[in-house]
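To start, the structure itself, in structure tokens.
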Amino acid sequence: MTVHFINEIENLTLLLLEVTSKVEHAVQQAIQATFSHDVPLAQKIIDADDEIDATEILIEEECLKILALYQPVAGDLRKVITILKVNNEIERVGDLAVNIAERVFDMVSYGENMVEKLDFEEMTGKACGMLKKSLDSLTYRDTAIAAEVISLDDEVDKLHHDAYLFVREKMLQHPNQSGYYLDCLTISRCLERIADIATNISEDVIYMEQGIIVRHLHEGGTK
Amino acid sequence: MTVHFINEIENLTLLLLEVTSKVEHAVQQAIQATFSHDVPLAQKIIDADDEIDATEILIEEECLKILALYQPVAGDLRKVITILKVNNEIERVGDLAVNIAERVFDMVSYGENMVEKLDFEEMTGKACGMLKKSLDSLTYRDTAIAAEVISLDDEVDKLHHDAYLFVREKMLQHPNQSGYYLDCLTISRCLERIADIATNISEDVIYMEQGIIVRHLHEGGTK
Amino acid sequence: MQKKKLFWRKLANHIFRFFSLLAVLLATTAMLVIVTHVIRAGSKALSLNFFLNPSKPYGMPDSGIANALLGSIMITLGAALLATPPAICAGICLSEFRDRPKITAALRFSANVMMGMPSVLVGLFVYTLIVVPSGHFSGLAGSVALAIIMFPVVMRTTEDMLDMVPYALREASLAIGMTRTHTTLRIVCRSARKGLITGILLALARVSGETAPLLFTALFADSWPKDYFSGPTPNMPVLITEYSTNSPFAAMHQAGWGAALVITVLVLTLNIGTRIMFREKRHAT
Amino acid sequence: MKKSAIDNSFKWFCFFCAGLIGLLMLGFFIQLSLNSKQVWEVFGWRFLISSEWDPVAEKFGALPSIVGTLSTTLIALLIALPLALAAAMFLVHAAPLIRSVLGHAIDLLAAIPSVIYGMWGLFVLVPFMQNKIQPFLAETLKIHHIPVVGRFLAEDYYNGFGILTGGLILAIMILPYICAILRDVLQMTPPMLREAAYGVGCTRLEAGKDIIIPYGIRGILGGIFVGLGRALGETMAVLFVIGNIMEMPQNAFSGSTTIAATIANCFPEADGLQRSALFALGLILLLMSLFIQILAQSYLRAATAHRGE
Amino acid sequence: MPLKLEAKNLNFFYGNEQVLFNNNLPVEEKKITAVIGPSGCGKSTFLRVCNRIFELYRNQRAEGELLLDGVNVLLPEVDVLELRRNVGMIFQKPTPFPMSVFDNVAYPLKLHFKLSRRETFDRVEQALRGASLWDEVKDKLKTSGLALSGGQQQRLCIARAIAAEPEVLLMDEPTSALDPLATSKIEELMVELKKRFTIMVVTHNMQQAARISDATAFFYKGVIVEHGTTTKIFTNPANRKTEEYITGRFG
Amino acid sequence: MPLKLEAKNLNFFYGNEQVLFNNNLPVEEKKITAVIGPSGCGKSTFLRVCNRIFELYRNQRAEGELLLDGVNVLLPEVDVLELRRNVGMIFQKPTPFPMSVFDNVAYPLKLHFKLSRRETFDRVEQALRGASLWDEVKDKLKTSGLALSGGQQQRLCIARAIAAEPEVLLMDEPTSALDPLATSKIEELMVELKKRFTIMVVTHNMQQAARISDATAFFYKGVIVEHGTTTKIFTNPANRKTEEYITGRFG
């Protein structure tokens with residue numbers, strides 16, 4: 001019956017990859033919407049989250065089903081649990097995309113050219129890249145990639161910190177635009193959290209492959 | 001062998017309760033530290049997080065062990081998975097407590113009496129109360145409590161929204177203190193997230209007891 | 001205390017093992033003595049003529065055992081033909097049709113009792129049943145007597161063998177849509193085939209040496225067994241009896257030993273042959 | 001419909017065949033009872049306890065035959081049983097090669113026709129008893145001076161025939177027979193039970209006497225009864241060596257007779273009341289063997305049921 | 001989903017003792033339905049009603065309806081031999097017939113169909129392939145079926161059962177006498193077979209039921225306490241008894 | 001942890017065929033050590049070396065060391081009767097002796113000790129309680145051990161084994177002939193027993209090994225491929241073969 005177990009796991013991994021790419025897309029579009037103050041796009045992203053949530057539930061139920069029906073042990077068990085946890089994380093990323101998109105409604109009130117915009121391109125690229133890579137490490141069971149993702153986290157943290165300083169400075173300069181900059185800070189924080197989530201996923205992958213829990217080992221540094 | 005399985009699960013639940021009360025305590029102390037600008041206390045909270053992290057890893061390993069050794073199904077399986085997920089959530093609460101405590105270092109720079117303080121007492125009480133209740137619902141397998149927790153989430157959201165409006169107003173009034181109010185907003189957000197986490201836990205409990213995934217069913221409203 | 005106990009336990013064990021070895025040696029030597037004597041004494045009588053000529057009254061030359069051998073074969077085969085088919089059906093009845101457990105239990109008990117029936121009584125029975133009404137001894141009466149001895153043996157062997165066929169096999173056969181008869185004959189009996197043949201042949205080997213019943217039925221005659229249906233028929237066991245007890249002459253004794261050797265070899269050959277050909281679980285009876 | 005008709009007729013045919021065995025058994029009883037009616041009418045129950053057998057005077061009694069039958073059987077069993085049991089235990093534990101060689105030898109010996117034993121008894125054992133054993137007992141051991149034992153073993157003249165010789169030949173005959181049954185019973189002890197016995201620290205003797213024999217006890221008893229029945233009804237082996245004297249035996253070397261031997265011996269020349277007396281003996285033998293068989297079968301059946309668990 | 005088999009109000013009696021009580025069970029076509037429950041709960045009995053093999057024994061009787069494609073097969077006018085061709089059965093212990101491997105499979109064909117030698121051979125090969133046994137036995141079709149290993153014998157029995165092209169396969173703990181390796185082969189085979197047959201399998205082994213079945217019925221004391229998809233039963237059973245049984249709280 | 005039993009360089013031969021190769025296995029005191037592996041991997045053989053029961057058979061021999069409390073019990077000068085008192089064994093099928101329940105347990109006592117009736121009775125009761133059987137049989141101590149149910153028989157055998165106060169209990173698939181309910185009782189009993197005895201159990205059933213054992217040794221083709229705590233083996237085995245075996249990839 002191992003064949004069937006392997007098939008089920010593969011299907012599940014594919015489903016997870018699919019929802020990940022959707023989520024990633026959602027994050028990128030949300031960032032774009034904040035930049036272009038595109039309310040319809042933001043609304044679309046918020047609406048699309050339902051689908052992502054549904055997929056999360058589906059994956060979780062499948063994991064439960066696999067655990068109940070195939071009762072895996074050792075590596076197989078770790079794989080299922082990892083998928084279960086990664087799935088949870090991915091859904092959180094989806095929620096973060098929604099959080100970003102929600103900011104748009106507030107941001108538009110400040111008008112396109114009224115404010116000095118923050119460029120999230122680099123940060124978005126990095127965070128999404130980390131997410132993608134962490135999922136790659138899951139798919140290809142490659143702990144090297146996972147380790148790389150973990151090391152990248154510091155860079156994103158740095159970018160977030162920069163954004164924070166930028167925002168504080170701007171608020172001092174333009175107190176009346178502080179609402180806008182608050183939104184920017186929220187977005188930055190969301191992106192930083194996406195990077196954190198990618199790190200978590202990578203840690204889970206390392207656990208899956210090697211059976212070692214690396215979480216919290218390096219946290220002292222990054223937090 | 002069911003006896004041993006039940007014992008293991010009970011021990012695990014106890015461990016989880018213990019770490020939860022620790023985390024709760026950490027949150028309350030962190031809030032107190034922000035209010036009294038108590039840096040040593042904040043540092044203590046941050047240091048104590050290592051222990052919480054260690055317990056999280058321990059609980060997760062125990063869950064994996066139980067899954068591998070006892071291969072539970074049905075209600076038993078849902079219980080283990082719920083503990084696994086709740087454990088994860090609790091650790092996040094611990095991280096949030098650290099986040100709150102970290103704000104203290106920044107806040108002290110504004111001096112005790114310089115700023116109009118935000119009173120987080122009500123919000124902290126509510127959020128921690130929800131967390132406590134959600135764990136009670138897990139312990140007593142009581143979905144009524146879980147449902148109550150879920151319904152309380154809106155109140156905390158409301159408080160967070162109030163805090164947001166308050167912060168924005170204060171920033172306009174005192175742009176030079178905007179750093180402080182940013183910290184306050186962060187704290188408020190952390191508390192709101194604690195409430196969210198309590199809600200998640202309650203949803204997990206409902207799933208455990210009834211096998212129905214209630215997550216996302218009501219999210220449209222609360223997010 | 002424990003050490004002492006251990007010593008006595010071990011001593012008792014050694015004594016026991018010695019005694020059991022002794023028992024085996026004693027038993028086997030007794031056997032060897034008999035068998036070698038039969039061979040030694042019997043081989044003196046053997047010659048080609050001994051096998052080719054019929055037996056003749058004392059004093060006549062070229063006496064042999066050919067007629068007795070032929071008669072024995074006829075009587076034994078006749079018994080097998082008479083007994084086997086109904087005995088197998090009777091065994092099938094005991095093993096396959098259990099819906100009347102009381103009747104089958106009674107029949108099984110009868111068969112067991114019949115298996116232990118002293119053969120001399122079988123002789124008496126057939127004597128009054130056939131010999132007296134028909135007015136003469138006959139080979140057929142001998143066959144009937146041997147058949148009566150064979151019948152319960154084959155019947156019980158059949159039952160035992162069929163019982164060894166797992167019940168699931170019957171259900172499996174019925175489950176693919178076979179009839180009951182078909183299942184019994186084609187599947188169950190076929191599964192037990194080896195055991196059945198072994199049982200029949202061993203029963204045959206056993207009755208082929210029976211003497212007592214033949215004394216009352218086939219009797220003996222110094223002629224070719226042409227009167228199988230109507231007169232005394234020569235046969236080996238009675239020939240041996242006649243030659244060894246009822247005759248004071250050494251020459252007759254020697255011929256008797258010869259006949260004894262021949263029948264022993266025949267019975268054992270049949271026995272060994274059966275066991276080798278259908279090597280399966282042995283059965284005591 | 002047609003298929004079930006075949007099924008039914010086949011079933012009834014089988015029942016008919018099986019019924020034959022019941023008919024046969026009844027037939028034996030009826031025939032022996034009918035033919036012995038005359039004796040029972042003349043002598044009544046005294047036939048059983050009378051020791052006279054005088055065809056000329058037309059006086060018949062069954063006691064000598066019964067005593068001869070029982071005593072030869074008893075001797076045979078006393079000799080054969082311990083040897084058979086010990087030998088069977090040895091065979092079960094012996095190395096595979098020895099086990100199979102000796103085992104087959106025993107199977108074959110059990111198959112040798114009884115007339116051969118009788119003949120060997122007549123030509124070898126009787127002279128041996130006459131020329132060696134009896135003189136040895138009487139002259140070397142002065143057996144008749146020993147009280148009690150002497151009464152049983154002393155005989156004035158040596159002829160070799162008698163109860164002891166009959167018993168011996170029966171013992172030799174049933175030894176392989178019982179041994180084969182016992183070996184089969186002992187071999188049916190599950191290997192795991194044997195290992196369990198050794199596993200608690202039994203020696204071979206202890207395992208045998210406390211575990212293996214009790215486990216097969218019913219089968220063993222059944223086997224003994226089957227051997228007993230066989231000895232009881234045996235004709236030819238005893239006929240040659242018992243002496244065929246219709247008197248109450250005085251001691252172990254007295255010539256005597258058994259029921260089966262009497263029938264075989266006297267029947268050809270008998271008629272009238274004597275023939276009826278022989279049928280009456282037959283009836284007694286039938287009842288004895290029936291009794292033994294009932295015991296044997298009840299034990300054997302219990303044994304199979306208990307193994308079938 | 002079309003129903004292949006459906007028990008309606010099925011009751012079963014051993015003499016005066018009732019062992020199945022008002023059983024209702026729909027069995028979907030081309031699915032594996034596992035029947036689980038503690039010893040003596042009537043699960044094997046239920047299976048033995050489906051091809052009326054219980055009729056071998058006196059004092060056993062079934063009441064109620066058992067619909068095969070909508071026809072109540074418990075009615076006396078339904079030909080039992082034909083029914084048994086349509087409903088194959090596999091037993092706990094392998095039951096190869098005392099004949100060659102080839103004849104074992106060809107036997108039911110000869111019984112039920114009039115086929116040429118060529119056709120027979122083809123269908124035997126097909127059945128053996130269907131039972132994943134062909135490659136292992138193609139060179140020894142003439143050897144006795146009893147000479148195969150336990151797992152092979154069981155697959156031979158499956159080949160025999162499917163040779164007559166039945167619609168339903170009943171399996172009564174088909175792997176309980178086999179070692180783990182042979183068991184997993186049989187399990188894989190069963191999943192393969194459900195593409196063509198409707199399978200009902202009684203099993204003691206809950207993991208097995210979980211692994212291979214699509215639907216599960218839980219029997220307790222002669223009553224079907226719960227039935228539904230296997231996933232449902234094993235992750236979220238509706239009945240407390242079911243939950244207790246599958247989590248090992250009893251039985 | 002103190003080692004109770006330790007195999008060092010243990011080799012085993014059936015005639016000329018070697019079936020165990022250089023086995024090294026430390027067995028901790030008062031723990032349950034499960035021995036798993038595919039059929040024919042030598043796991044039962046390993047157990048049978050531990051009380052030298054293999055010596056019953058010709059052509060079987062063991063080489064190397066098997067230390068019981070540091071003493072190599074394979075040496076001929078070690079008394080085998082004494083060793084077997086110290087190392088009890090439970091078999092696949094229950095093997096009650098053909099005597100009463102009481103005598104079954106009293107037998108090894110009578111064999112090895114000189115005890116008064118009172119003492120014997122007390123120790124029998126103690127052993128039966130230890131095997132969780134006392135309550136079920138206290139009213140029928142005089143009935144035959146064969147009259148008990150399968151699960152009770154197996155517990156009777158356990159009582160018999162522990163009556164002589166051995167130090168090690170060897171169990172060779174002790175539940176493979178039992179139904180699930182009896183199995184779970186035996187498993188609970190085993191966990192109870194490890195408070196007093198060192199237990200080695202051979203099992204086919206991986207779930208069982210997972211549930212009850214503290215340490216697990218995986219045998220493959222006569223070699224101990226991996227041994228360690230059960231948690232480690234079942235969540236994160238070091239060897240690929242072990243992983244493949246416990247996840248059902250083979251065997």
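Residue numbering restarts at 1 in every chain; chains get A, B, ... in the order shown in the structure tokens, and ligands count up from 1 in that same order.
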When you look at A:Val156 with a cut-off of 9 Å (counting only C-alpha atoms), what residues show up, excluding the ones that are within fewer than 4 positions of it in the same chain? I need them as a ChimeraX atom specification. /A:123,126-127,152,160-161,191-192,195-196
Would you pick out the contacts of E:Lys241 at 9 Å or less, using only C-alpha atoms, so that residues sharing its chain but fewer than 6 positions from it are not included, and give the list as a list in words? Tyr220, Val225, Glu226 and Phe250 of chain E
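Residues surrounding stretch 72-74 of chain B within 8 Å are Leu67, Ala68, Leu69 and Gln71 of chain A; Ile66 of chain B; Ile233, Phe234, Thr235, Asn236, Pro237, Glu243, Ile246 and Thr247 of chain E [only C-alpha atoms; sequence separation below 6 positions excluded].
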Please build the interface table for chain D against chain F with a cut-off of 9 Å, listing for each qualifying residue the nearest atom pair and the distance in Å to one decimal; count only C-alpha atoms, order rows by chain and increasing number, and write it as a Markdown table.
```
| residue | atom | partner | partner_atom | distance |
| --- | --- | --- | --- | --- |
| D:Ala95 | CA | F:Arg58 | CA | 7.6 |
| D:Pro190 | CA | F:Thr95 | CA | 8.7 |
| D:Met192 | CA | F:Thr95 | CA | 6.7 |
| D:Leu193 | CA | F:Thr95 | CA | 5.2 |
| D:Arg194 | CA | F:Thr95 | CA | 8.8 |
| D:Glu195 | CA | F:Ile53 | CA | 7.0 |
| D:Ala196 | CA | F:Thr95 | CA | 6.6 |
| D:Ala197 | CA | F:Phe97 | CA | 7.9 |
| D:Tyr198 | CA | F:Ile53 | CA | 7.3 |
| D:Gly199 | CA | F:Arg84 | CA | 5.8 |
| D:Val200 | CA | F:Arg85 | CA | 5.8 |
| D:Gly201 | CA | F:Leu81 | CA | 4.5 |
| D:Cys202 | CA | F:Leu81 | CA | 6.9 |
| D:Thr203 | CA | F:Leu81 | CA | 7.5 |
| D:Glu206 | CA | F:Leu111 | CA | 8.8 |
| D:Asp210 | CA | F:Pro98 | CA | 8.4 |
| D:Ile211 | CA | F:Phe97 | CA | 6.1 |
| D:Ile212 | CA | F:Pro98 | CA | 8.3 |
| D:Pro214 | CA | F:Pro98 | CA | 6.0 |
| D:Tyr215 | CA | F:Pro98 | CA | 5.1 |
| D:Gly216 | CA | F:Pro98 | CA | 8.7 |
| D:His306 | CA | F:Leu146 | CA | 8.5 |
| D:Glu309 | CA | F:Leu146 | CA | 8.5 |
```
Residues of chain F no more than 9 Å from chain E, counting only C-alpha atoms: send them over as a list in words. Pro38, Ser39, Asp179, Pro180, Leu181, Ala182, Ser184, His204, Asn205, Gly248, Phe250 and Gly251 of chain F
Picked from stretch 29-157 of chain E by DSSP as alpha helix (DSSP H), as a ChimeraX atom specification: /E:43-50,80-86,101-112,117-130,134-137,150-157
